[in-house]
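Undergrad: Just so it is clear, I am handing over protein28.txt, which has compact mmCIF, C-alpha atoms and all ligand atoms.
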```txt
# COMPACT_ATOMS: atom_id res chain seq x y z
CA MET A 695 126.63 98.17 85.13
CA SER A 696 127.29 95.36 82.69
CA VAL A 697 124.43 95.23 80.19
CA SER A 698 124.98 91.50 79.77
CA ILE A 699 124.36 90.84 83.49
CA ILE A 700 121.08 92.76 83.34
CA SER A 701 119.94 91.13 80.10
CA THR A 702 120.78 87.66 81.45
CA ALA A 703 119.06 88.47 84.75
CA LEU A 704 115.96 89.64 82.85
CA GLU A 705 115.81 86.40 80.85
CA VAL A 706 116.15 84.34 84.05
CA ALA A 707 113.48 86.39 85.83
CA ILE A 708 111.04 86.06 82.91
CA ALA A 709 111.60 82.30 82.70
CA ALA A 710 111.11 81.93 86.47
CA ALA A 711 107.94 84.05 86.41
CA ARG A 712 106.49 82.05 83.52
CA GLU A 713 107.34 78.70 85.15
CA ALA A 714 105.85 79.80 88.47
CA GLY A 715 102.83 81.19 86.64
CA ALA A 716 102.21 77.93 84.81
CA SER A 717 102.25 76.08 88.13
CA LEU A 718 99.86 78.58 89.76
CA ARG A 719 97.53 78.39 86.77
CA SER A 720 97.46 74.59 87.00
CA HIS A 721 96.43 74.78 90.69
CA PHE A 722 94.03 77.71 90.24
CA GLY A 723 90.49 76.96 91.37
CA LYS A 724 91.50 73.89 93.37
CA ILE A 725 91.46 73.71 97.18
CA ALA A 726 94.61 75.49 98.36
CA GLU A 727 96.41 74.56 101.58
CA VAL A 728 96.17 77.50 104.00
CA ASN A 729 99.15 78.32 106.22
CA GLU A 730 97.47 81.28 107.95
CA MET A 731 93.94 82.73 107.78
CA LEU A 732 93.87 86.33 109.03
CA ALA A 733 91.09 88.93 109.27
CA HIS A 734 92.20 90.70 106.08
CA ASP A 735 94.79 88.36 104.60
CA ILE A 736 95.52 84.74 103.78
CA LYS A 737 98.89 82.97 103.56
CA LEU A 738 98.97 79.86 101.38
CA ALA A 739 101.42 76.96 101.21
CA LEU A 740 101.52 77.84 97.50
CA ASP A 741 102.99 81.26 98.37
CA VAL A 742 105.96 79.48 99.96
CA GLU A 743 106.25 76.79 97.28
CA THR A 744 106.12 79.37 94.48
CA GLN A 745 108.78 81.55 96.10
CA ASP A 746 110.94 78.43 96.64
CA LEU A 747 110.66 77.63 92.92
CA ILE A 748 111.58 81.17 91.88
CA THR A 749 114.43 81.26 94.41
CA GLU A 750 115.83 77.99 93.07
CA ARG A 751 115.83 79.30 89.48
CA LEU A 752 117.39 82.67 90.40
CA LEU A 753 120.12 81.26 92.67
CA ALA A 754 120.96 78.54 90.14
CA GLN A 755 122.06 81.31 87.78
CA PHE A 756 123.21 83.82 90.42
CA PRO A 757 124.32 81.77 93.47
CA ASP A 758 125.88 84.77 95.24
CA HIS A 759 122.81 86.98 95.05
CA ALA A 760 120.34 87.76 97.86
CA ILE A 761 116.65 86.94 97.79
CA TYR A 762 114.22 89.20 99.67
CA GLY A 763 110.70 87.91 99.32
CA GLU A 764 107.31 87.97 100.95
CA GLU A 765 107.93 84.41 102.14
CA GLY A 766 111.41 85.01 103.54
CA LEU A 767 115.10 85.50 102.78
CA ALA A 768 117.53 83.26 100.90
CA GLY A 769 120.98 83.43 99.33
CA ASN A 770 123.80 85.76 100.37
CA GLN A 771 122.23 88.64 102.30
CA ASP A 772 125.52 90.57 102.08
CA SER A 773 125.37 90.66 98.29
CA GLU A 774 125.13 93.98 96.42
CA TRP A 775 122.55 92.20 94.24
CA GLN A 776 119.11 91.64 95.74
CA TRP A 777 116.10 89.95 94.11
CA ILE A 778 112.76 91.22 95.44
CA VAL A 779 110.04 88.60 94.99
CA ASP A 780 106.30 88.46 95.54
CA PRO A 781 105.38 84.92 94.50
CA ILE A 782 101.64 85.52 94.49
CA ASP A 783 100.59 89.16 94.62
CA GLY A 784 96.87 88.99 95.24
CA THR A 785 96.88 85.86 97.39
CA VAL A 786 93.35 86.46 98.70
CA ASN A 787 92.09 86.72 95.11
CA TYR A 788 93.88 83.47 94.25
CA PHE A 789 92.37 81.64 97.23
CA TYR A 790 88.83 82.82 96.37
CA GLY A 791 89.19 81.85 92.72
CA ILE A 792 89.29 85.47 91.52
CA PRO A 793 91.58 85.42 88.44
CA HIS A 794 93.44 88.64 89.33
CA TYR A 795 96.88 87.90 90.77
CA CYS A 796 100.45 87.91 89.53
CA ILE A 797 104.11 87.11 90.19
CA SER A 798 106.33 90.14 90.75
CA ILE A 799 110.14 89.95 90.48
CA ALA A 800 112.58 92.86 90.69
CA LEU A 801 116.36 93.05 90.96
CA ARG A 802 118.24 95.77 92.86
CA HIS A 803 121.94 96.57 92.72
CA MET A 804 123.18 98.56 95.69
CA GLY A 805 119.60 99.65 96.31
CA ALA A 806 118.80 100.77 92.74
CA ILE A 807 116.15 98.75 90.89
CA GLN A 808 117.69 97.31 87.69
CA LEU A 809 114.79 95.32 86.28
CA GLY A 810 111.16 94.47 86.87
CA VAL A 811 108.97 91.58 85.69
CA ILE A 812 105.25 91.18 86.44
CA TYR A 813 103.38 88.16 85.10
CA ASP A 814 99.61 87.57 85.13
CA PRO A 815 99.28 83.82 84.48
CA GLN A 816 95.52 83.88 83.92
CA ARG A 817 95.67 86.38 81.06
CA ASP A 818 99.20 85.39 79.99
CA GLU A 819 100.27 89.04 80.23
CA LEU A 820 103.92 89.74 81.00
CA TRP A 821 105.27 93.19 81.73
CA GLN A 822 109.02 93.79 81.69
CA THR A 823 111.52 96.61 81.88
CA VAL A 824 115.17 97.34 82.67
CA ILE A 825 116.77 100.45 84.14
CA GLY A 826 116.98 103.25 81.57
CA GLY A 827 114.92 101.29 79.05
CA PRO A 828 111.34 101.18 77.77
CA ALA A 829 108.53 99.22 79.38
CA PHE A 830 106.87 96.35 77.51
CA LEU A 831 103.69 94.30 77.74
CA ASN A 832 104.02 90.97 75.89
CA GLY A 833 106.89 92.45 73.92
CA GLN A 834 105.05 95.60 72.81
CA PRO A 835 106.17 99.04 74.12
CA ILE A 836 103.73 100.60 76.58
CA SER A 837 103.16 104.05 78.02
CA VAL A 838 100.99 105.60 80.70
CA SER A 839 97.61 107.12 79.75
CA PRO A 840 97.38 110.55 78.07
CA ARG A 841 94.48 111.74 80.27
CA THR A 842 95.03 115.07 82.04
CA LEU A 843 91.79 115.55 83.98
CA LEU A 844 91.18 113.76 87.30
CA SER A 845 87.49 113.67 86.36
CA ASP A 846 88.37 111.47 83.36
CA ALA A 847 90.55 109.12 85.41
CA VAL A 848 90.18 105.51 86.53
CA VAL A 849 91.98 105.28 89.87
CA SER A 850 92.78 102.13 91.86
CA ILE A 851 92.75 102.42 95.63
CA GLY A 852 94.39 99.53 97.48
CA PHE A 853 93.23 98.36 100.87
CA SER A 854 95.80 96.75 103.10
CA LYS A 855 95.72 94.29 105.96
CA THR A 856 95.38 96.10 109.25
CA VAL A 857 92.51 98.17 110.66
CA ALA A 858 94.73 101.29 110.81
CA THR A 859 95.86 101.01 107.18
CA ILE A 860 92.41 100.03 105.95
CA ASN A 861 91.03 103.15 107.65
CA ALA A 862 93.76 105.22 105.98
CA GLY A 863 92.60 103.89 102.61
CA LEU A 864 88.94 104.42 103.50
CA ALA A 865 89.64 108.09 104.20
CA LEU A 866 90.76 108.47 100.57
CA LEU A 867 87.91 106.56 98.97
CA PRO A 868 84.98 109.04 99.21
CA ARG A 869 87.19 111.90 98.02
CA TYR A 870 88.36 109.98 94.96
CA VAL A 871 85.03 108.28 94.19
CA GLN A 872 83.45 111.71 93.80
CA SER A 873 86.34 113.20 91.80
CA VAL A 874 87.15 110.54 89.17
CA ARG A 875 85.26 108.60 86.51
CA LYS A 876 85.62 105.33 88.44
CA CYS A 877 87.58 103.83 91.35
CA ARG A 878 88.75 100.25 91.29
CA LEU A 879 89.76 98.05 94.25
CA MET A 880 91.29 94.91 92.74
CA GLY A 881 93.62 93.44 95.42
CA SER A 882 96.95 93.25 93.61
CA ALA A 883 99.33 96.18 93.98
CA ALA A 884 101.71 94.85 91.34
CA LEU A 885 98.95 94.48 88.74
CA ASP A 886 97.65 97.93 89.68
CA LEU A 887 101.08 99.34 88.88
CA ALA A 888 101.31 97.35 85.65
CA TYR A 889 97.91 98.73 84.65
CA VAL A 890 99.09 102.30 85.34
CA ALA A 891 102.19 101.62 83.20
CA CYS A 892 100.13 100.47 80.21
CA GLY A 893 97.43 103.13 80.55
CA ARG A 894 94.52 101.00 81.76
CA TYR A 895 94.52 102.93 85.04
CA ASP A 896 95.51 106.57 85.47
CA ALA A 897 96.64 106.17 89.07
CA TYR A 898 97.08 103.69 91.91
CA ILE A 899 97.21 104.68 95.57
CA GLU A 900 97.70 102.46 98.62
CA GLN A 901 98.54 103.41 102.15
CA SER A 902 100.48 100.35 103.27
CA VAL A 903 102.21 97.83 101.06
CA SER A 904 105.55 96.04 101.15
CA LEU A 905 108.55 96.56 98.88
CA TRP A 906 107.93 93.19 97.20
CA ASP A 907 104.44 94.36 96.16
CA VAL A 908 105.76 97.41 94.28
CA ALA A 909 109.47 97.14 93.38
CA ALA A 910 108.94 95.80 89.84
CA GLY A 911 105.92 98.04 89.25
CA LYS A 912 107.81 101.16 90.31
CA LEU A 913 110.36 100.77 87.50
CA LEU A 914 107.62 99.85 85.00
CA VAL A 915 105.59 103.00 85.76
CA GLU A 916 108.65 105.26 85.64
CA ASN A 917 109.93 103.73 82.37
CA ALA A 918 106.44 104.05 80.86
CA GLY A 919 106.52 107.81 81.50
CA GLY A 920 104.62 107.90 84.78
CA ALA A 921 105.38 109.16 88.30
CA PHE A 922 105.87 107.11 91.44
CA GLU A 923 106.08 108.28 95.06
CA MET A 924 106.62 106.08 98.10
CA THR A 925 107.02 107.03 101.72
CA THR A 926 107.87 104.78 104.63
CA ARG A 927 104.99 104.60 107.08
CA ALA A 928 105.61 106.27 110.44
CA ASP A 929 103.78 103.45 112.23
CA ASN A 930 105.68 100.62 110.50
CA PRO A 931 109.14 101.01 108.90
CA ASP A 932 108.58 97.83 106.89
CA LYS A 933 105.55 99.29 105.12
CA ILE A 934 105.28 102.01 102.47
CA SER A 935 102.55 104.29 101.24
CA VAL A 936 102.48 104.52 97.45
CA ARG A 937 101.12 106.89 94.82
CA ALA A 938 101.68 106.01 91.16
CA TRP A 939 100.09 107.92 88.29
CA ASN A 940 100.51 108.95 84.68
CA GLY A 941 102.35 112.15 85.69
CA LYS A 942 99.66 114.27 83.98
CA ILE A 943 96.55 114.27 86.17
CA LYS A 944 96.61 116.25 89.42
CA LEU A 945 96.03 113.89 92.33
CA LEU A 946 94.09 115.06 95.37
CA THR A 947 96.25 116.54 98.10
CA PRO A 948 96.76 114.04 100.94
CA GLU A 949 94.72 115.10 103.99
C1 LIG B 1001 98.46 92.30 98.39
C2 LIG B 1001 98.67 93.62 97.69
C3 LIG B 1001 97.40 94.44 97.71
C4 LIG B 1001 97.02 94.73 99.12
C5 LIG B 1001 96.80 93.45 99.85
C6 LIG B 1001 98.02 92.53 99.80
P1 LIG B 1001 99.70 89.98 98.69
O1 LIG B 1001 99.64 91.57 98.36
O2 LIG B 1001 99.11 93.43 96.39
O3 LIG B 1001 97.55 95.64 97.01
O4 LIG B 1001 95.88 95.53 99.14
O5 LIG B 1001 96.51 93.74 101.21
O6 LIG B 1001 99.08 93.14 100.50
O7 LIG B 1001 99.70 89.90 100.20
O8 LIG B 1001 98.51 89.31 98.11
O9 LIG B 1001 101.02 89.52 98.11
```
Would you mind giving the structure from this file in structure tokens?
TA:
Amino acid sequence: MSVSIISTALEVAIAAAREAGASLRSHFGKIAEVNEMLAHDIKLALDVETQDLITERLLAQFPDHAIYGEEGLAGNQDSEWQWIVDPIDGTVNYFYGIPHYCISIALRHMGAIQLGVIYDPQRDELWQTVIGGPAFLNGQPISVSPRTLLSDAVVSIGFSKTVATINAGLALLPRYVQSVRKCRLMGSAALDLAYVACGRYDAYIEQSVSLWDVAAGKLLVENAGGAFEMTTRADNPDKISVRAWNGKIKLLTPE
């Protein structure tokens, strides 16, 4: 793989994430136009507009690449190069004025993730990494936590969008709540993974997320010294169950 392609792609992804983040920050707290209000999810016009902005910036530099995002496909879907974009990860938080959301951008080449960028516009925290390289937060190298005991751990449990997957998460909660120092349920898979990568969390577990929620975070956690497992859900081939942790604590065995 040409290093120059990856380094250029990383620069473009970071610039797109920052530009999209600045726009989201400027609209944060204002009334957001709702495209779809679901029982356990919300789709905003801003989700679409933000992905359109990111798509425009990526395809301007890489016109023959594919875009695979939460808000749809764009570009050349036959390309070996595929950008995986979540324009607002934590959309429900954003809509409710909870300042815990991010932009997540990853790039795959023939299925292998080459780079990951996660940007939290409210805290101006940007995580980045490239295949085979270190992971950074605002330019400083990061690593997963050193903790080895589950009883010392802070563990994030994500809750998804359907009754079945929410129940799957609920089954985990009492077991973890009684085994760890604290559980957290924050509503952004990508930020959960970024927090595992920089040692704020010791693990993140969610029973049903999409590739765009976790692609960038997967590479971040692995390059920060952690472990990442994902399995396609039997009930929905488009959804994955994820476990990410510091590679040191012993997670509870799945029931
Ligand atoms: C969200 C995930 C979160 C999950 C939510 C939702 P979105 O992504 O990051 O972990 O629990 O159900 O899927 O939809 O806000 O981009």
Undergrad: Using all atoms listed in the file, pick whichever of A:Ile792, A:Ala711, A:Leu914, A:Ala703 has the shortest atom-to-atom distance to Leu887 of chain A.
TA: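 For Leu887 of chain A, the nearest of the candidates is A:Leu914.
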Undergrad: How close does each residue of chain A get to ligand LIG 1001 (chain B), giving the shortest atom pair and distance in Å to one decimal for every residue with an atom at most 9 Å away, counting only C-alpha atoms and all ligand atoms, sorted by chain and residue number, as a tab-separated table?
TA:
```
residue	atom	partner	partner_atom	distance
A:His734	CA	B:LIG1001	O5	7.2
A:Asp735	CA	B:LIG1001	O5	6.6
A:Ile736	CA	B:LIG1001	O7	7.5
A:Lys737	CA	B:LIG1001	O7	7.7
A:Asp741	CA	B:LIG1001	O9	8.5
A:Glu764	CA	B:LIG1001	O9	7.1
A:Asp780	CA	B:LIG1001	O9	6.0
A:Pro781	CA	B:LIG1001	O9	7.3
A:Ile782	CA	B:LIG1001	O9	5.4
A:Asp783	CA	B:LIG1001	O9	3.5
A:Gly784	CA	B:LIG1001	O8	3.3
A:Thr785	CA	B:LIG1001	O8	3.9
A:Val786	CA	B:LIG1001	O8	5.9
A:Asn787	CA	B:LIG1001	O8	7.5
A:Tyr788	CA	B:LIG1001	O8	8.4
A:Tyr795	CA	B:LIG1001	O8	7.6
A:Cys796	CA	B:LIG1001	O9	8.7
A:Ile797	CA	B:LIG1001	O9	8.8
A:Ile851	CA	B:LIG1001	O4	8.3
A:Gly852	CA	B:LIG1001	O4	4.6
A:Phe853	CA	B:LIG1001	O4	4.2
A:Ser854	CA	B:LIG1001	O5	3.6
A:Lys855	CA	B:LIG1001	O5	4.8
A:Thr856	CA	B:LIG1001	O5	8.5
A:Ile860	CA	B:LIG1001	O4	8.9
A:Leu879	CA	B:LIG1001	O4	8.2
A:Met880	CA	B:LIG1001	O3	7.6
A:Gly881	CA	B:LIG1001	C3	4.5
A:Ser882	CA	B:LIG1001	O2	3.5
A:Ala883	CA	B:LIG1001	O3	3.6
A:Ala884	CA	B:LIG1001	O2	5.9
A:Leu885	CA	B:LIG1001	O2	7.7
A:Asp886	CA	B:LIG1001	O3	7.7
A:Glu900	CA	B:LIG1001	O3	7.0
A:Gln901	CA	B:LIG1001	O4	8.8
A:Ser902	CA	B:LIG1001	C4	7.8
A:Val903	CA	B:LIG1001	O6	5.7
A:Ser904	CA	B:LIG1001	O6	7.1
A:Trp906	CA	B:LIG1001	O9	7.9
A:Asp907	CA	B:LIG1001	O2	5.4
A:Val908	CA	B:LIG1001	O2	8.0
```
Undergrad: Find the residues around segment 820-830 of chain A up to 8 Å (all atoms listed in the file counted), leave out those fewer than 2 positions away in its own chain, and share them as a ChimeraX atom specification.
TA: /A:700,704,807-814,818,832-837,888,891,913-915,917-918
Undergrad: Give me the residues within 12 Å of Pro757 of chain A as a VMD selection string, counting only C-alpha atoms and dropping any in the same chain fewer than 2 places off.
TA: chain A and resid 749 to 755 759 to 761 768 to 771 773 775 to 777
Undergrad: Let me make sure I understand: among A:Ala707, A:Ala806, A:Leu767, A:Ile725, which one has the smallest atom-to-atom distance to Val742 of chain A if we use all atoms listed in the file?
TA: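 Comparing A:Ala707, A:Ala806, A:Leu767, A:Ile725 against Val742 of chain A, the winner is A:Leu767.
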Undergrad: Draw an axis-aligned box tight on the listed atoms of segment 886-896 of chain A, then pad every side by 6 Å and write out centre and edge lengths in Å to one decimal as JSON.
TA:
```
{"center_x": 98.4, "center_y": 102.0, "center_z": 84.9, "size_x": 19.7, "size_y": 21.2, "size_z": 21.5}
```
Undergrad: For each of A:Ala858, A:Leu867, A:Leu831, A:Leu801, take the minimum atom-to-atom distance to Ala928 of chain A, counting all atoms listed in the file, then give the residue where this is smallest.
TA: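 Looking at the shortest contact to Ala928 of chain A, the residue is A:Ala858.
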Undergrad: What is the distance between atom CA of Asp929 of chain A and atom CA of Ala862 of chain A, in Å to one decimal?
TA: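 Between these atoms lies a distance of 11.9 Å.
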